[in-house]
Amino acid sequence: MRVLLMNQFFWPDSAATSQLLTDVARDLVVLGHEVHVICGGTYAETDPESKPDVVIHQIRGFHFSRSTAGRMLSYASFYIGATWKAFRVPKPDTVLTLTTPPLLSVVGTLLKMFRGSRFCIWEMDVYPDVAVDLGYIKVGGISHRAIGVVADWSRRNADSVIVLGECMRTRLLARGTPNEAIAVVQNWADSTQIAVAARKADGNSLLLVYSGNLGLAHDVETLIGAIRKLREDARFRFLFLGGGSRRAELASFLQAENIASVELRGYVPRAELGSSLSAGDIGIVTQREACCGSVVPSKVYGLLAAGRPILFVGPGAATPASIVRRHACGWHIDNGAVEGLVNLLKHLAEHPDEISAAGKNGRLALEREFDRPLGTARIIDQLIGTTSYQHSTANNAYAEQVPPISVP
């Protein structure tokens, strides 16, 4: 089968969507499929892994930029180039579009209509919802309605709409996407690339690690509140790895208040991710309440692979909170609950056995449900129209047997 994958980012880029799509491409090739990829330029650090055995059609346009004008130029040039290229590559049997840039699904819909290809959307972010949630466009405005009409038209014409969690399914159902077209396939991590490693003892201190993008969809305020209250407590240290639009805000706070218990570092190459995640005792994942379902944080899965428990600060209906509850692999704190977060951390500092137990549960969950071969197989099932993977809670029955971890 000939498969066409479309996303602005692909190997060797190390953006999260690039890594996930590259995983799928590699496994499609292993299964004997012919894979073509239409992609653009680089977003973050490059991936040192070898080039996948696929045909890459790279669009030469404006490089991705975090500025609004630069981002729009980058998106526009990619739309034009990707549409042109999509109708000139060999006719694909199946097309998969991601959501960078937004509304890339329109190209996939046109390929289905005019070339007869099977068409799947992999919703990494729900548009226009996420643009409203982040304050880019006004709810009910012309942009909101126009983007919604186009995005929903593509979803109704797709053979499969892949979402990252039940919270995202809820968003699409509210937008009128047919329930039978939606497949929940959560993201993953590679258990062979990220192994469990014991952390080097450092007295009685706890190191909390935040790894990845710290952007507009993430809750920084609750973390800042807790860091401020714990600044004189030598038991707690924080490490932030990566970048993002809110990193400068965090850096300004640390400098203004002269806080020495927090360290900021850059992005970590994928090959070194396991060792960096294992350096901490607890992994931090955050999400703003407004973004519940419009985005789903992917940081969770690397932490599960590393055997590190998850401290999720965000809405209770979000997918990370559900994972924490079902697999007893960490703790959930509501947005703004600074005192609750501080009390929890003090409790965990006095009960390290709970940290160890949650980390072990997380690794078990990864191996049984969120490992790379399982995740890519579920995506490939959607691409080729098979039903070898049943999206049901039966696969998660073991999770009900894991005792819950109480939060003080």
# chains A, B, ... in the order shown; residues from 1 in each chain; ligands from 1
$ residues_around --residues "Lys91 of chain A" --least-positions-apart "4" --cutoff "12 Å" --atoms "only C-alpha atoms" --output "list of chain:residue names"
A:Met1, A:Arg2, A:Val3, A:Leu4, A:Glu34, A:Val35, A:His36, A:Lys85, A:Ala86, A:Phe87, A:Val95, A:Leu111, A:Lys112, A:Phe114, A:Arg115, A:Gly116, A:Ser117, A:Arg118
$ residues_around --residues "Leu304 of chain A" --least-positions-apart "5" --cutoff "12 Å" --atoms "only C-alpha atoms" --output "CSV table (one decimal) with C-alpha atoms, in the first residue's frame"
chain,number,residue,atom,x,y,z
A,187,ASN,CA,0.5,9.0,22.3
A,188,TRP,CA,3.4,6.8,23.3
A,189,ALA,CA,7.1,6.5,24.3
A,190,ASP,CA,9.7,3.9,23.3
A,191,SER,CA,10.5,1.5,26.2
A,194,ILE,CA,13.9,5.3,27.5
A,195,ALA,CA,14.9,2.8,30.2
A,196,VAL,CA,14.3,2.9,34.0
A,274,GLY,CA,15.8,8.8,29.0
A,277,LEU,CA,14.0,12.2,32.7
A,278,SER,CA,15.6,9.7,35.0
A,282,ILE,CA,9.1,13.3,39.9
A,283,GLY,CA,8.1,14.5,36.4
A,284,ILE,CA,5.9,17.6,36.1
A,285,VAL,CA,3.1,18.0,33.5
A,298,SER,CA,2.5,14.3,25.4
A,299,LYS,CA,5.1,14.7,28.2
A,309,PRO,CA,5.7,9.3,38.6
A,310,ILE,CA,3.7,12.2,37.2
A,311,LEU,CA,2.7,15.3,39.0
A,320,PRO,CA,-3.1,13.1,32.0
A,323,ILE,CA,-3.9,8.3,33.3
A,324,VAL,CA,-2.8,9.2,36.8
A,327,HIS,CA,-2.7,3.6,36.7
A,328,ALA,CA,-1.9,5.0,40.1
A,329,CYS,CA,1.3,6.5,38.6
A,330,GLY,CA,1.3,9.9,40.2
A,358,ALA,CA,4.0,5.4,41.6
A,359,GLY,CA,7.0,5.2,39.3
A,360,LYS,CA,6.9,1.4,39.1
A,361,ASN,CA,3.2,1.6,38.3
A,362,GLY,CA,3.9,4.1,35.5
A,363,ARG,CA,6.5,1.9,33.8
A,364,LEU,CA,4.0,-1.0,34.0
A,365,ALA,CA,1.4,1.1,32.4
A,366,LEU,CA,3.8,2.1,29.6
A,367,GLU,CA,4.7,-1.5,28.8
A,368,ARG,CA,1.1,-2.7,28.7
A,369,GLU,CA,-0.6,0.2,27.1
A,370,PHE,CA,1.6,3.1,25.9
A,371,ASP,CA,4.7,1.5,24.4
$ select_by_dssp --residues "segment 203-322 of chain A" --states "strand (DSSP E)" --output "number ranges by chain"
A: 206-211, 236-241, 262-265, 282-286, 310-313
$ residues_around --residues "Ala25 of chain A" --least-positions-apart "5" --cutoff "10 Å" --atoms "only C-alpha atoms" --output "number ranges by chain"
A: 3-5, 10-11, 19-20, 30, 33-37, 52-54, 376, 380
$ select_by_dssp --residues "segment 278-364 of chain A" --states "helix (DSSP H, G or I)" --output "count of residues only"
46
$ residues_around --residues "Ser275 of chain A" --least-positions-apart "2" --cutoff "12 Å" --atoms "only C-alpha atoms" --output "PDB file with N, CA, C and O atoms, in the first residue's frame"
ATOM      1  N   GLN A 193      14.164   2.891  24.104  1.00  0.00           N
ATOM      2  CA  GLN A 193      14.984   4.094  24.091  1.00  0.00           C
ATOM      3  C   GLN A 193      15.035   4.767  25.454  1.00  0.00           C
ATOM      4  O   GLN A 193      16.024   5.416  25.794  1.00  0.00           O
ATOM      5  N   ILE A 194      13.961   4.660  26.206  1.00  0.00           N
ATOM      6  CA  ILE A 194      13.895   5.263  27.538  1.00  0.00           C
ATOM      7  C   ILE A 194      13.776   4.135  28.551  1.00  0.00           C
ATOM      8  O   ILE A 194      12.732   3.484  28.664  1.00  0.00           O
ATOM      9  N   ALA A 195      14.837   3.877  29.256  1.00  0.00           N
ATOM     10  CA  ALA A 195      14.862   2.792  30.230  1.00  0.00           C
ATOM     11  C   ALA A 195      14.779   3.352  31.646  1.00  0.00           C
ATOM     12  O   ALA A 195      15.082   4.528  31.894  1.00  0.00           O
ATOM     13  N   VAL A 196      14.371   2.518  32.563  1.00  0.00           N
ATOM     14  CA  VAL A 196      14.305   2.909  33.966  1.00  0.00           C
ATOM     15  C   VAL A 196      15.711   2.891  34.549  1.00  0.00           C
ATOM     16  O   VAL A 196      16.446   1.914  34.395  1.00  0.00           O
ATOM     17  N   ALA A 197      16.077   3.968  35.200  1.00  0.00           N
ATOM     18  CA  ALA A 197      17.393   4.055  35.829  1.00  0.00           C
ATOM     19  C   ALA A 197      17.234   4.645  37.223  1.00  0.00           C
ATOM     20  O   ALA A 197      16.432   5.558  37.431  1.00  0.00           O
ATOM     21  N   ALA A 198      17.985   4.102  38.147  1.00  0.00           N
ATOM     22  CA  ALA A 198      17.923   4.627  39.510  1.00  0.00           C
ATOM     23  C   ALA A 198      18.544   6.016  39.549  1.00  0.00           C
ATOM     24  O   ALA A 198      19.578   6.273  38.912  1.00  0.00           O
ATOM     25  N   ARG A 199      17.919   6.925  40.285  1.00  0.00           N
ATOM     26  CA  ARG A 199      18.479   8.271  40.405  1.00  0.00           C
ATOM     27  C   ARG A 199      19.579   8.269  41.466  1.00  0.00           C
ATOM     28  O   ARG A 199      19.462   7.613  42.498  1.00  0.00           O
ATOM     29  N   LYS A 200      20.621   9.028  41.161  1.00  0.00           N
ATOM     30  CA  LYS A 200      21.706   9.144  42.121  1.00  0.00           C
ATOM     31  C   LYS A 200      21.220   9.890  43.356  1.00  0.00           C
ATOM     32  O   LYS A 200      20.612  10.957  43.255  1.00  0.00           O
ATOM     33  N   VAL A 209      11.262  17.478  37.663  1.00  0.00           N
ATOM     34  CA  VAL A 209      11.719  17.812  36.313  1.00  0.00           C
ATOM     35  C   VAL A 209      10.537  18.110  35.405  1.00  0.00           C
ATOM     36  O   VAL A 209       9.570  17.334  35.341  1.00  0.00           O
ATOM     37  N   SER A 211      10.060  18.661  31.421  1.00  0.00           N
ATOM     38  CA  SER A 211      10.812  18.470  30.187  1.00  0.00           C
ATOM     39  C   SER A 211       9.931  18.749  28.978  1.00  0.00           C
ATOM     40  O   SER A 211       8.859  18.172  28.833  1.00  0.00           O
ATOM     41  N   VAL A 268      16.525  18.688  25.152  1.00  0.00           N
ATOM     42  CA  VAL A 268      17.376  17.503  25.226  1.00  0.00           C
ATOM     43  C   VAL A 268      17.141  16.654  23.980  1.00  0.00           C
ATOM     44  O   VAL A 268      15.990  16.368  23.635  1.00  0.00           O
ATOM     45  N   PRO A 269      18.182  16.240  23.261  1.00  0.00           N
ATOM     46  CA  PRO A 269      18.001  15.359  22.104  1.00  0.00           C
ATOM     47  C   PRO A 269      17.269  14.078  22.502  1.00  0.00           C
ATOM     48  O   PRO A 269      17.399  13.604  23.640  1.00  0.00           O
ATOM     49  N   ARG A 270      16.507  13.531  21.570  1.00  0.00           N
ATOM     50  CA  ARG A 270      15.703  12.355  21.881  1.00  0.00           C
ATOM     51  C   ARG A 270      16.557  11.214  22.425  1.00  0.00           C
ATOM     52  O   ARG A 270      16.125  10.486  23.318  1.00  0.00           O
ATOM     53  N   ALA A 271      17.750  11.052  21.894  1.00  0.00           N
ATOM     54  CA  ALA A 271      18.622   9.957  22.330  1.00  0.00           C
ATOM     55  C   ALA A 271      19.027  10.100  23.792  1.00  0.00           C
ATOM     56  O   ALA A 271      19.380   9.116  24.444  1.00  0.00           O
ATOM     57  N   GLU A 272      18.978  11.326  24.328  1.00  0.00           N
ATOM     58  CA  GLU A 272      19.378  11.563  25.711  1.00  0.00           C
ATOM     59  C   GLU A 272      18.187  11.783  26.646  1.00  0.00           C
ATOM     60  O   GLU A 272      18.369  12.084  27.820  1.00  0.00           O
ATOM     61  N   LEU A 273      16.981  11.642  26.102  1.00  0.00           N
ATOM     62  CA  LEU A 273      15.797  11.955  26.889  1.00  0.00           C
ATOM     63  C   LEU A 273      15.658  11.038  28.102  1.00  0.00           C
ATOM     64  O   LEU A 273      15.288  11.471  29.191  1.00  0.00           O
ATOM     65  N   LEU A 277      15.259  12.450  31.931  1.00  0.00           N
ATOM     66  CA  LEU A 277      14.043  12.219  32.719  1.00  0.00           C
ATOM     67  C   LEU A 277      14.350  11.432  33.983  1.00  0.00           C
ATOM     68  O   LEU A 277      13.753  11.671  35.036  1.00  0.00           O
ATOM     69  N   SER A 278      15.267  10.490  33.877  1.00  0.00           N
ATOM     70  CA  SER A 278      15.622   9.669  35.035  1.00  0.00           C
ATOM     71  C   SER A 278      16.417  10.435  36.072  1.00  0.00           C
ATOM     72  O   SER A 278      16.583   9.969  37.206  1.00  0.00           O
ATOM     73  N   ALA A 279      16.902  11.612  35.706  1.00  0.00           N
ATOM     74  CA  ALA A 279      17.680  12.408  36.658  1.00  0.00           C
ATOM     75  C   ALA A 279      16.825  12.941  37.790  1.00  0.00           C
ATOM     76  O   ALA A 279      17.337  13.295  38.848  1.00  0.00           O
ATOM     77  N   GLY A 280      15.518  13.007  37.583  1.00  0.00           N
ATOM     78  CA  GLY A 280      14.622  13.539  38.600  1.00  0.00           C
ATOM     79  C   GLY A 280      13.892  12.449  39.362  1.00  0.00           C
ATOM     80  O   GLY A 280      13.928  11.270  38.999  1.00  0.00           O
ATOM     81  N   GLY A 302       6.841   9.826  28.127  1.00  0.00           N
ATOM     82  CA  GLY A 302       8.262   9.667  28.395  1.00  0.00           C
ATOM     83  C   GLY A 302       8.534   9.434  29.871  1.00  0.00           C
ATOM     84  O   GLY A 302       9.413   8.646  30.242  1.00  0.00           O
ATOM     85  N   LEU A 303       7.775  10.113  30.726  1.00  0.00           N
ATOM     86  CA  LEU A 303       7.934   9.918  32.168  1.00  0.00           C
ATOM     87  C   LEU A 303       7.526   8.509  32.582  1.00  0.00           C
ATOM     88  O   LEU A 303       8.190   7.880  33.419  1.00  0.00           O
ATOM     89  N   ALA A 305       7.760   5.877  30.727  1.00  0.00           N
ATOM     90  CA  ALA A 305       8.826   4.988  30.264  1.00  0.00           C
ATOM     91  C   ALA A 305      10.023   5.035  31.191  1.00  0.00           C
ATOM     92  O   ALA A 305      10.679   4.011  31.436  1.00  0.00           O
ATOM     93  N   ALA A 306      10.327   6.221  31.720  1.00  0.00           N
ATOM     94  CA  ALA A 306      11.477   6.377  32.608  1.00  0.00           C
ATOM     95  C   ALA A 306      11.207   5.866  34.016  1.00  0.00           C
ATOM     96  O   ALA A 306      12.107   5.873  34.859  1.00  0.00           O
ATOM     97  N   GLY A 307       9.980   5.429  34.267  1.00  0.00           N
ATOM     98  CA  GLY A 307       9.639   4.946  35.601  1.00  0.00           C
ATOM     99  C   GLY A 307       9.556   6.054  36.623  1.00  0.00           C
ATOM    100  O   GLY A 307       9.801   5.828  37.815  1.00  0.00           O
ATOM    101  N   ARG A 308       9.192   7.253  36.168  1.00  0.00           N
ATOM    102  CA  ARG A 308       9.057   8.389  37.076  1.00  0.00           C
ATOM    103  C   ARG A 308       7.585   8.756  37.222  1.00  0.00           C
ATOM    104  O   ARG A 308       6.862   8.845  36.225  1.00  0.00           O
TER     105      ARG A 308
END
$ residues_around --residues "Ile80 of chain A" --least-positions-apart "2" --cutoff "12 Å" --atoms "only C-alpha atoms" --output "list in words"
Ile38, Gly40, Ile59, Arg60, Gly61, Phe62, Leu73, Ser74, Tyr75, Ala76, Ser77, Phe78, Ala82, Thr83, Trp84, Lys85, Ala86, Phe87, Pro101, Leu104, Val106 and Val107 of chain A
